[in-house]
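Undergrad: The structure file structure-v2.cif (mmCIF, N, CA and C atoms) is provided below.
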```
data_input
#
loop_
_atom_site.group_PDB
_atom_site.id
_atom_site.type_symbol
_atom_site.label_atom_id
_atom_site.label_comp_id
_atom_site.auth_asym_id
_atom_site.auth_seq_id
_atom_site.Cartn_x
_atom_site.Cartn_y
_atom_site.Cartn_z
ATOM 1 N N MET B 18 -22.949 18.030 10.119
ATOM 2 C CA MET B 18 -22.104 17.314 11.043
ATOM 3 C C MET B 18 -21.546 18.314 12.047
ATOM 4 N N HIS B 19 -21.974 18.178 13.280
ATOM 5 C CA HIS B 19 -21.500 19.101 14.306
ATOM 6 C C HIS B 19 -21.271 18.332 15.591
ATOM 7 N N MET B 20 -20.184 18.613 16.221
ATOM 8 C CA MET B 20 -19.903 18.045 17.528
ATOM 9 C C MET B 20 -19.113 19.069 18.326
ATOM 10 N N ALA B 21 -19.159 18.934 19.641
ATOM 11 C CA ALA B 21 -18.419 19.855 20.499
ATOM 12 C C ALA B 21 -16.931 19.764 20.171
ATOM 13 N N HIS B 22 -16.224 20.873 20.381
ATOM 14 C CA HIS B 22 -14.787 20.878 20.098
ATOM 15 C C HIS B 22 -14.083 19.844 20.967
ATOM 16 N N LEU B 23 -13.236 19.064 20.345
ATOM 17 C CA LEU B 23 -12.509 18.006 21.052
ATOM 18 C C LEU B 23 -11.180 18.529 21.578
ATOM 19 N N ASP B 24 -10.936 18.307 22.865
ATOM 20 C CA ASP B 24 -9.608 18.618 23.366
ATOM 21 C C ASP B 24 -8.730 17.383 23.138
ATOM 22 N N ARG B 25 -7.451 17.519 23.368
ATOM 23 C CA ARG B 25 -6.510 16.425 23.084
ATOM 24 C C ARG B 25 -6.821 15.166 23.887
ATOM 25 N N ASP B 26 -7.209 15.335 25.146
ATOM 26 C CA ASP B 26 -7.508 14.169 25.976
ATOM 27 C C ASP B 26 -8.713 13.404 25.434
ATOM 28 N N ARG B 27 -9.751 14.135 25.062
ATOM 29 C CA ARG B 27 -10.958 13.487 24.529
ATOM 30 C C ARG B 27 -10.648 12.819 23.198
ATOM 31 N N LEU B 28 -9.905 13.481 22.328
ATOM 32 C CA LEU B 28 -9.539 12.897 21.046
ATOM 33 C C LEU B 28 -8.713 11.633 21.261
ATOM 34 N N SER B 29 -7.806 11.667 22.212
ATOM 35 C CA SER B 29 -6.988 10.500 22.534
ATOM 36 C C SER B 29 -7.864 9.338 22.993
ATOM 37 N N GLN B 30 -8.865 9.640 23.809
ATOM 38 C CA GLN B 30 -9.777 8.587 24.290
ATOM 39 C C GLN B 30 -10.590 8.008 23.132
ATOM 40 N N ILE B 31 -11.054 8.853 22.220
ATOM 41 C CA ILE B 31 -11.807 8.369 21.066
ATOM 42 C C ILE B 31 -10.925 7.466 20.207
ATOM 43 N N GLU B 32 -9.668 7.869 20.006
ATOM 44 C CA GLU B 32 -8.748 7.037 19.223
ATOM 45 C C GLU B 32 -8.531 5.691 19.901
ATOM 46 N N THR B 33 -8.361 5.689 21.214
ATOM 47 C CA THR B 33 -8.201 4.432 21.956
ATOM 48 C C THR B 33 -9.431 3.555 21.775
ATOM 49 N N ASP B 34 -10.613 4.151 21.909
ATOM 50 C CA ASP B 34 -11.859 3.398 21.735
ATOM 51 C C ASP B 34 -11.979 2.852 20.317
ATOM 52 N N ALA B 35 -11.580 3.638 19.332
ATOM 53 C CA ALA B 35 -11.650 3.193 17.941
ATOM 54 C C ALA B 35 -10.750 1.991 17.726
ATOM 55 N N TYR B 36 -9.564 2.030 18.301
ATOM 56 C CA TYR B 36 -8.643 0.908 18.142
ATOM 57 C C TYR B 36 -9.109 -0.326 18.911
ATOM 58 N N GLN B 37 -10.108 -0.155 19.759
ATOM 59 C CA GLN B 37 -10.739 -1.295 20.418
ATOM 60 C C GLN B 37 -12.023 -1.669 19.674
ATOM 61 N N ALA B 38 -12.178 -1.118 18.462
ATOM 62 C CA ALA B 38 -13.301 -1.411 17.559
ATOM 63 C C ALA B 38 -14.655 -0.998 18.132
ATOM 64 N N ARG B 39 -14.677 0.089 18.890
ATOM 65 C CA ARG B 39 -15.953 0.616 19.389
ATOM 66 C C ARG B 39 -16.580 1.457 18.280
ATOM 67 N N SER B 40 -17.743 1.024 17.847
ATOM 68 C CA SER B 40 -18.401 1.580 16.665
ATOM 69 C C SER B 40 -18.557 3.088 16.689
ATOM 70 N N ASN B 41 -19.071 3.622 17.791
ATOM 71 C CA ASN B 41 -19.311 5.067 17.851
ATOM 72 C C ASN B 41 -18.015 5.853 17.790
ATOM 73 N N ALA B 42 -16.940 5.293 18.319
ATOM 74 C CA ALA B 42 -15.647 5.973 18.263
ATOM 75 C C ALA B 42 -15.140 6.041 16.827
ATOM 76 N N LEU B 43 -15.374 4.991 16.053
ATOM 77 C CA LEU B 43 -14.994 5.012 14.634
ATOM 78 C C LEU B 43 -15.707 6.170 13.931
ATOM 79 N N PHE B 44 -17.005 6.296 14.196
ATOM 80 C CA PHE B 44 -17.799 7.365 13.599
ATOM 81 C C PHE B 44 -17.331 8.738 14.086
ATOM 82 N N ASP B 45 -17.065 8.840 15.396
ATOM 83 C CA ASP B 45 -16.614 10.120 15.953
ATOM 84 C C ASP B 45 -15.301 10.580 15.327
ATOM 85 N N LEU B 46 -14.391 9.636 15.051
ATOM 86 C CA LEU B 46 -13.140 10.012 14.384
ATOM 87 C C LEU B 46 -13.419 10.496 12.964
ATOM 88 N N GLY B 47 -14.365 9.858 12.287
ATOM 89 C CA GLY B 47 -14.758 10.341 10.962
ATOM 90 C C GLY B 47 -15.252 11.772 11.030
ATOM 91 N N LEU B 48 -16.081 12.049 12.022
ATOM 92 C CA LEU B 48 -16.587 13.420 12.200
ATOM 93 C C LEU B 48 -15.451 14.393 12.482
ATOM 94 N N ALA B 49 -14.545 13.991 13.372
ATOM 95 C CA ALA B 49 -13.439 14.883 13.735
ATOM 96 C C ALA B 49 -12.610 15.238 12.505
ATOM 97 N N TYR B 50 -12.228 14.229 11.721
ATOM 98 C CA TYR B 50 -11.383 14.491 10.550
ATOM 99 C C TYR B 50 -12.135 15.188 9.419
ATOM 100 N N SER B 51 -13.438 14.974 9.313
ATOM 101 C CA SER B 51 -14.185 15.634 8.235
ATOM 102 C C SER B 51 -14.455 17.102 8.538
ATOM 103 N N THR B 52 -14.468 17.454 9.820
ATOM 104 C CA THR B 52 -14.768 18.835 10.208
ATOM 105 C C THR B 52 -13.552 19.596 10.726
ATOM 106 N N GLY B 53 -12.451 18.883 10.986
ATOM 107 C CA GLY B 53 -11.274 19.530 11.562
ATOM 108 C C GLY B 53 -11.435 19.807 13.039
ATOM 109 N N ASN B 54 -12.280 19.048 13.700
ATOM 110 C CA ASN B 54 -12.556 19.245 15.115
ATOM 111 C C ASN B 54 -11.510 18.531 15.960
ATOM 112 N N GLY B 55 -10.538 19.285 16.454
ATOM 113 C CA GLY B 55 -9.488 18.729 17.286
ATOM 114 C C GLY B 55 -8.300 18.204 16.499
ATOM 115 N N VAL B 56 -8.452 18.114 15.194
ATOM 116 C CA VAL B 56 -7.406 17.645 14.271
ATOM 117 C C VAL B 56 -7.530 18.480 12.998
ATOM 118 N N GLY B 57 -6.563 18.358 12.110
ATOM 119 C CA GLY B 57 -6.694 19.015 10.821
ATOM 120 C C GLY B 57 -7.702 18.278 9.951
ATOM 121 N N VAL B 58 -8.376 18.992 9.077
ATOM 122 C CA VAL B 58 -9.295 18.342 8.148
ATOM 123 C C VAL B 58 -8.496 17.380 7.277
ATOM 124 N N ASP B 59 -8.953 16.142 7.213
ATOM 125 C CA ASP B 59 -8.293 15.106 6.425
ATOM 126 C C ASP B 59 -9.377 14.184 5.891
ATOM 127 N N TYR B 60 -9.795 14.419 4.640
ATOM 128 C CA TYR B 60 -10.889 13.638 4.064
ATOM 129 C C TYR B 60 -10.525 12.172 3.885
ATOM 130 N N ILE B 61 -9.259 11.871 3.645
ATOM 131 C CA ILE B 61 -8.858 10.465 3.508
ATOM 132 C C ILE B 61 -9.067 9.749 4.844
ATOM 133 N N ALA B 62 -8.597 10.343 5.922
ATOM 134 C CA ALA B 62 -8.791 9.740 7.244
ATOM 135 C C ALA B 62 -10.279 9.677 7.594
ATOM 136 N N ALA B 63 -11.025 10.745 7.308
ATOM 137 C CA ALA B 63 -12.457 10.761 7.609
ATOM 138 C C ALA B 63 -13.174 9.649 6.857
ATOM 139 N N HIS B 64 -12.875 9.494 5.573
ATOM 140 C CA HIS B 64 -13.498 8.450 4.762
ATOM 141 C C HIS B 64 -13.188 7.079 5.351
ATOM 142 N N LYS B 65 -11.928 6.870 5.735
ATOM 143 C CA LYS B 65 -11.514 5.601 6.341
ATOM 144 C C LYS B 65 -12.350 5.302 7.574
ATOM 145 N N TRP B 66 -12.445 6.263 8.489
ATOM 146 C CA TRP B 66 -13.179 6.024 9.735
ATOM 147 C C TRP B 66 -14.667 5.855 9.493
ATOM 148 N N PHE B 67 -15.253 6.648 8.586
ATOM 149 C CA PHE B 67 -16.672 6.467 8.260
ATOM 150 C C PHE B 67 -16.902 5.094 7.633
ATOM 151 N N ASN B 68 -15.981 4.656 6.785
ATOM 152 C CA ASN B 68 -16.094 3.351 6.149
ATOM 153 C C ASN B 68 -16.097 2.251 7.210
ATOM 154 N N LEU B 69 -15.171 2.331 8.154
ATOM 155 C CA LEU B 69 -15.097 1.336 9.227
ATOM 156 C C LEU B 69 -16.351 1.369 10.103
ATOM 157 N N ALA B 70 -16.847 2.567 10.388
ATOM 158 C CA ALA B 70 -18.078 2.695 11.179
ATOM 159 C C ALA B 70 -19.262 2.104 10.421
ATOM 160 N N ALA B 71 -19.318 2.335 9.113
ATOM 161 C CA ALA B 71 -20.404 1.785 8.292
ATOM 162 C C ALA B 71 -20.384 0.254 8.330
ATOM 163 N N MET B 72 -19.188 -0.322 8.332
ATOM 164 C CA MET B 72 -19.066 -1.780 8.420
ATOM 165 C C MET B 72 -19.631 -2.310 9.731
ATOM 166 N N ARG B 73 -19.597 -1.471 10.751
ATOM 167 C CA ARG B 73 -20.132 -1.847 12.064
ATOM 168 C C ARG B 73 -21.622 -1.520 12.189
ATOM 169 N N GLY B 74 -22.206 -0.993 11.124
ATOM 170 C CA GLY B 74 -23.632 -0.711 11.132
ATOM 171 C C GLY B 74 -24.019 0.591 11.807
ATOM 172 N N VAL B 75 -23.072 1.517 11.940
ATOM 173 C CA VAL B 75 -23.362 2.800 12.579
ATOM 174 C C VAL B 75 -24.259 3.633 11.659
ATOM 175 N N SER B 76 -25.392 4.028 12.199
ATOM 176 C CA SER B 76 -26.348 4.831 11.441
ATOM 177 C C SER B 76 -25.712 6.158 11.030
ATOM 178 N N GLY B 77 -25.837 6.504 9.780
ATOM 179 C CA GLY B 77 -25.327 7.776 9.284
ATOM 180 C C GLY B 77 -23.921 7.717 8.727
ATOM 181 N N ALA B 78 -23.179 6.653 9.012
ATOM 182 C CA ALA B 78 -21.796 6.576 8.550
ATOM 183 C C ALA B 78 -21.713 6.517 7.025
ATOM 184 N N GLN B 79 -22.593 5.757 6.401
ATOM 185 C CA GLN B 79 -22.577 5.668 4.936
ATOM 186 C C GLN B 79 -22.905 7.018 4.306
ATOM 187 N N ARG B 80 -23.873 7.726 4.895
ATOM 188 C CA ARG B 80 -24.259 9.043 4.374
ATOM 189 C C ARG B 80 -23.104 10.027 4.488
ATOM 190 N N CYS B 81 -22.442 10.033 5.636
ATOM 191 C CA CYS B 81 -21.306 10.939 5.836
ATOM 192 C C CYS B 81 -20.169 10.599 4.880
ATOM 193 N N ARG B 82 -19.910 9.308 4.705
ATOM 194 C CA ARG B 82 -18.855 8.881 3.780
ATOM 195 C C ARG B 82 -19.190 9.337 2.361
ATOM 196 N N ALA B 83 -20.441 9.201 1.973
ATOM 197 C CA ALA B 83 -20.859 9.625 0.633
ATOM 198 C C ALA B 83 -20.710 11.139 0.464
ATOM 199 N N GLN B 84 -21.023 11.896 1.504
ATOM 200 C CA GLN B 84 -20.915 13.356 1.430
ATOM 201 C C GLN B 84 -19.469 13.795 1.221
ATOM 202 N N ILE B 85 -18.540 13.250 1.983
ATOM 203 C CA ILE B 85 -17.160 13.693 1.825
ATOM 204 C C ILE B 85 -16.544 13.140 0.543
ATOM 205 N N SER B 86 -17.062 12.015 0.054
ATOM 206 C CA SER B 86 -16.558 11.455 -1.209
ATOM 207 C C SER B 86 -16.729 12.437 -2.357
ATOM 208 N N GLN B 87 -17.743 13.275 -2.260
ATOM 209 C CA GLN B 87 -17.987 14.269 -3.302
ATOM 210 C C GLN B 87 -16.875 15.306 -3.369
ATOM 211 N N GLU B 88 -16.128 15.461 -2.285
ATOM 212 C CA GLU B 88 -15.030 16.427 -2.216
ATOM 213 C C GLU B 88 -13.675 15.787 -2.520
ATOM 214 N N MET B 89 -13.680 14.476 -2.777
ATOM 215 C CA MET B 89 -12.428 13.729 -2.914
ATOM 216 C C MET B 89 -12.212 13.262 -4.353
ATOM 217 N N SER B 90 -10.942 13.084 -4.708
ATOM 218 C CA SER B 90 -10.613 12.505 -6.011
ATOM 219 C C SER B 90 -10.709 10.983 -5.913
ATOM 220 N N THR B 91 -10.733 10.327 -7.053
ATOM 221 C CA THR B 91 -10.752 8.867 -7.100
ATOM 222 C C THR B 91 -9.520 8.296 -6.397
ATOM 223 N N VAL B 92 -8.382 8.944 -6.597
ATOM 224 C CA VAL B 92 -7.137 8.497 -5.962
ATOM 225 C C VAL B 92 -7.241 8.604 -4.437
ATOM 226 N N GLN B 93 -7.810 9.685 -3.945
ATOM 227 C CA GLN B 93 -7.968 9.859 -2.499
ATOM 228 C C GLN B 93 -8.908 8.805 -1.909
ATOM 229 N N ILE B 94 -10.003 8.526 -2.604
ATOM 230 C CA ILE B 94 -10.950 7.506 -2.133
ATOM 231 C C ILE B 94 -10.275 6.139 -2.098
ATOM 232 N N ALA B 95 -9.512 5.828 -3.138
ATOM 233 C CA ALA B 95 -8.787 4.553 -3.170
ATOM 234 C C ALA B 95 -7.802 4.454 -2.010
ATOM 235 N N GLU B 96 -7.134 5.549 -1.689
ATOM 236 C CA GLU B 96 -6.193 5.560 -0.568
ATOM 237 C C GLU B 96 -6.931 5.353 0.755
ATOM 238 N N ALA B 97 -8.068 5.994 0.913
ATOM 239 C CA ALA B 97 -8.865 5.823 2.138
ATOM 240 C C ALA B 97 -9.303 4.371 2.294
ATOM 241 N N GLN B 98 -9.710 3.759 1.191
ATOM 242 C CA GLN B 98 -10.128 2.355 1.233
ATOM 243 C C GLN B 98 -8.945 1.444 1.554
ATOM 244 N N ARG B 99 -7.778 1.758 1.006
ATOM 245 C CA ARG B 99 -6.571 0.976 1.289
ATOM 246 C C ARG B 99 -6.235 1.073 2.783
ATOM 247 N N GLN B 100 -6.321 2.292 3.325
ATOM 248 C CA GLN B 100 -6.020 2.480 4.744
ATOM 249 C C GLN B 100 -7.016 1.733 5.630
ATOM 250 N N ALA B 101 -8.275 1.715 5.233
ATOM 251 C CA ALA B 101 -9.281 0.977 6.010
ATOM 252 C C ALA B 101 -8.981 -0.520 5.995
ATOM 253 N N ARG B 102 -8.611 -1.046 4.829
ATOM 254 C CA ARG B 102 -8.266 -2.472 4.739
ATOM 255 C C ARG B 102 -7.032 -2.778 5.592
ATOM 256 N N GLU B 103 -6.043 -1.890 5.534
ATOM 257 C CA GLU B 103 -4.829 -2.079 6.332
ATOM 258 C C GLU B 103 -5.166 -2.067 7.818
ATOM 259 N N TRP B 104 -5.998 -1.125 8.236
ATOM 260 C CA TRP B 104 -6.394 -1.031 9.634
ATOM 261 C C TRP B 104 -7.095 -2.322 10.064
ATOM 262 N N LEU B 105 -7.989 -2.819 9.219
ATOM 263 C CA LEU B 105 -8.703 -4.051 9.529
ATOM 264 C C LEU B 105 -7.749 -5.234 9.666
ATOM 265 N N SER B 106 -6.729 -5.274 8.835
ATOM 266 C CA SER B 106 -5.798 -6.407 8.860
ATOM 267 C C SER B 106 -4.951 -6.428 10.131
ATOM 268 N N HIS B 107 -4.861 -5.289 10.819
ATOM 269 C CA HIS B 107 -4.061 -5.214 12.044
ATOM 270 C C HIS B 107 -4.910 -5.288 13.311
ATOM 271 N N MET B 108 -6.220 -5.410 13.137
ATOM 272 C CA MET B 108 -7.110 -5.460 14.294
ATOM 273 C C MET B 108 -7.009 -6.802 14.989
ATOM 274 N N SER B 109 -6.990 -6.747 16.300
ATOM 275 C CA SER B 109 -7.048 -7.966 17.105
ATOM 276 C C SER B 109 -7.864 -7.641 18.346
ATOM 277 N N PRO B 110 -9.036 -8.187 18.509
ATOM 278 C CA PRO B 110 -9.707 -9.123 17.619
ATOM 279 C C PRO B 110 -10.217 -8.431 16.362
ATOM 280 N N PRO B 111 -10.522 -9.211 15.328
ATOM 281 C CA PRO B 111 -10.999 -8.615 14.085
ATOM 282 C C PRO B 111 -12.258 -7.802 14.288
ATOM 283 N N LEU B 112 -12.393 -6.766 13.486
ATOM 284 C CA LEU B 112 -13.591 -5.920 13.524
ATOM 285 C C LEU B 112 -14.747 -6.725 12.975
ATOM 286 N N ARG B 113 -15.799 -6.810 13.741
ATOM 287 C CA ARG B 113 -16.981 -7.544 13.292
ATOM 288 C C ARG B 113 -18.184 -6.623 13.388
ATOM 289 N N ARG B 114 -19.155 -6.901 12.559
ATOM 290 C CA ARG B 114 -20.387 -6.126 12.544
ATOM 291 C C ARG B 114 -21.103 -6.317 13.875
ATOM 292 N N ALA B 115 -21.591 -5.230 14.412
ATOM 293 C CA ALA B 115 -22.339 -5.300 15.675
ATOM 294 C C ALA B 115 -23.625 -6.089 15.451
ATOM 295 N N SER B 116 -24.025 -6.900 16.425
ATOM 296 C CA SER B 116 -25.262 -7.662 16.249
ATOM 297 C C SER B 116 -26.393 -7.081 17.033
#
```
Please, can you express the file's structure as structure tokens?
TA:
Amino acid sequence: MHMAHLDRDRLSQIETDAYQARSNALFDLGLAYSTGNGVGVDYIAAHKWFNLAAMRGVSGAQRCRAQISQEMSTVQIAEAQRQAREWLSHMSPPLRRAS
């Protein structure tokens, strides 16, 4: 997993896109948090974003989520899943799978 270093403006734009349920932005946030690119490494946040991207059918999101899961405890994975469900419950419009 490699991406160019994110500056604050680019990271802010990706976050905005993610909150608009743009699939690639969800995946990009997973990458950022899993690698510490522009943010601190946070496997719970990375798992959450990869999970949301996988729901949108983003290629590679499930693989990335599985890779970081190997570094996480059961409690951390459960927290990431809880955060993903919470995020989904606050989405307007609801996150739907890309067709």
Undergrad: Mind checking which residues fall within 6.5 Å of stretch 95-99 of chain B, counting only N, CA and C atoms, ignoring those fewer than 4 positions away in the same chain, and posting them as a ChimeraX atom specification?
TA: /B:61-62,64-65,90-91,103-104
Undergrad: Pull out every residue that the PyMOL selection byres ((chain B and resi 44) around 7) matches in the shown coordinates and put them as a VMD selection string.
TA: chain B and resid 39 to 43 45 to 49 66 to 67 69 to 71 78
Undergrad: Enumerate, as a ChimeraX atom specification, the residues matched when the PyMOL selection byres (((chain B and resi 80-85 and name CA) around 7) and name CA) is run on the file above.
TA: /B:60,64,67-68,77-79,86-89
Undergrad: Have a look at atom C of B:Ser51 and atom C of B:Ala63 and let me know their distance in Å, one decimal.
TA: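 Between atom C of B:Ser51 and atom C of B:Ala63 the gap works out to 7.7 Å.
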Undergrad: What does the distance between atom CA of B:Met108 and atom N of B:Gly53 come to in Å, to one decimal place?
TA: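 Spanning atom CA of B:Met108 to atom N of B:Gly53 is a straight-line distance of 25.1 Å.
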Undergrad: One decimal, in Å: what's the spacing between atom CA of B:Tyr50 and atom CA of B:Val92?
TA: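 About the pair atom CA of B:Tyr50 and atom CA of B:Val92: they are 18.1 Å apart.
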